[in-house]
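Q: This is the structure, below, for whatever I ask next.
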2 protein chains.
Amino acid sequence: MASGSIPILKLGSTLLSTIQVELHDTVVDAFQNDVLEEIERTGASGLIVDISALETVDSYVARMLANTGKMAKLMGAETVIVGMRPAVAATLVRMGYFMEGIETALSLEEGLELQARRSKLLEAE
Amino acid sequence: MASGSIPILKLGSTLLSTIQVELHDTVVDAFQNDVLEEIERTGASGLIVDISALETVDSYVARMLANTGKMAKLMGAETVIVGMRPAVAATLVRMGYFMEGIETALSLEEGLELQARRSKLLEAE
């Protein structure tokens, strides 16, 4: 992992990342790369990104997060964004970003439950 | 949570925190407070601190982390530090800090296993 990058932890078949630094463009780009490489390396079926530390999200970051989720999905991993603050949700909607294709949940635990339910659905299919 | 603080996520009876920012003294102080308050609020029995993003740990931070672990223990929560880099381990030993009273593990998953085993031992007593 390069210096200053965002750690990606493994939790069963789910990858977990807590974003804390204000997301400059280079950090988001590196994060996107790292996440996709970790999905490939670990074969993870889920990705949870905690953004509870983010007080603001600009349009570039919102788009990159949404795109990361879409890329992860193409690789077979579902993304859940957890811990979004009310102000961030309000800003995203005002900007016209609804994070389509990405699930959100209130907390890490609810995000994990969501992914567990989804894996069971997939198994039942 | 105040601006710039380190998120503390709940995962069952364990609290999880990923430290990414270089730990300035004020951040470490706030982190210690936040962790203890979260242990009180949630009744957590375990605390996992991921430091895989830290390339260096100075003596102040090492002491604060060790003290946070001791305080958590007094409140009934066992601390496991995970993801310590080789260079950090080397520095700590050279500085004479062995993080006594704090368990360490290679990864989040091993840290969770360690805490699960410990809870079972406690239940068996």
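Each chain in the structure tokens gets a letter, A, B, ..., in the order shown, and its residues are numbered from 1; ligands are numbered from 1 in order too.
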Identify every residue of chain B that has at least one atom within 10 Å of any atom of chain A, counting only C-alpha atoms, and report the result as a ChimeraX atom specification.
A: /B:1-12,17-22,50-55,83,107-110,112
Q: Quick one: residues within 8 Å of Ile39 (chain A), only C-alpha atoms, excluding same-chain residues fewer than 4 positions away - as a PyMOL selection string?
A: chain A and resi 15+35+43-45+72+75+77
Q: Leaving out region 97-99 of chain A and any residue of its chain fewer than 3 positions from it, which residues lie within 9 Å of it when counting only C-alpha atoms, given as a ChimeraX atom specification?
A: /A:59,62-63,65-67,69,89,91-94,102-104
Q: Output C-alpha atoms for every residue in that selection, as a CSV table (one decimal), in the first residue's frame.
A:
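So the final result, stored in result00.csv, reads:
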chain,number,residue,atom,x,y,z
A,59,SER,CA,-19.3,16.2,-7.5
A,62,ALA,CA,-19.5,11.5,-5.8
A,63,ARG,CA,-19.0,10.5,-9.4
A,65,LEU,CA,-17.5,6.7,-5.7
A,66,ALA,CA,-20.5,5.9,-7.9
A,67,ASN,CA,-18.2,4.7,-10.7
A,69,GLY,CA,-19.3,0.9,-7.3
A,89,ALA,CA,-27.1,13.3,1.4
A,91,THR,CA,-25.8,18.0,-1.2
A,92,LEU,CA,-25.8,14.9,-3.4
A,93,VAL,CA,-29.5,15.2,-4.1
A,94,ARG,CA,-29.2,18.9,-4.8
A,102,ILE,CA,-25.1,1.7,-5.2
A,103,GLU,CA,-26.8,0.7,-2.0
A,104,THR,CA,-26.5,2.7,1.1
Q: With only C-alpha atoms as the basis for distance, which of B:Ala116, B:Ala105, B:Val27, B:Ala124 is at the shortest distance from Met84 (chain B)?
A: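 Among the listed residues, the smallest separation from Met84 (chain B) belongs to B:Ala105.
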Q: One number please: CA of Val82 (chain A) to CA of Gly111 (chain A), in Å, one decimal.
A: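 So the two atoms, CA of Val82 (chain A) and CA of Gly111 (chain A), lie 6.4 Å apart.
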Q: Name the residues of chain B that fall into helix (DSSP H, G or I) according to DSSP on the backbone, using the chain letters and numbers of this document, as a ChimeraX atom specification.
A: /B:25-42,59-74,86-95,108-124
Q: In Å, with one decimal, what is the gap from CA of Gln32 (chain B) to CA of Met71 (chain B)?
A: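 So the two atoms, CA of Gln32 (chain B) and CA of Met71 (chain B), lie 9.0 Å apart.
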Q: Between CA of Met64 (chain B) and CA of Arg117 (chain B), what distance in Å does the model show, to one decimal?
A: 26.2 Å
Q: Looking only at strand (DSSP E or B) from DSSP on the backbone, list the matching residues of region 34-114 of chain A as a ChimeraX atom specification.
A: /A:46-50,78-82,103-105
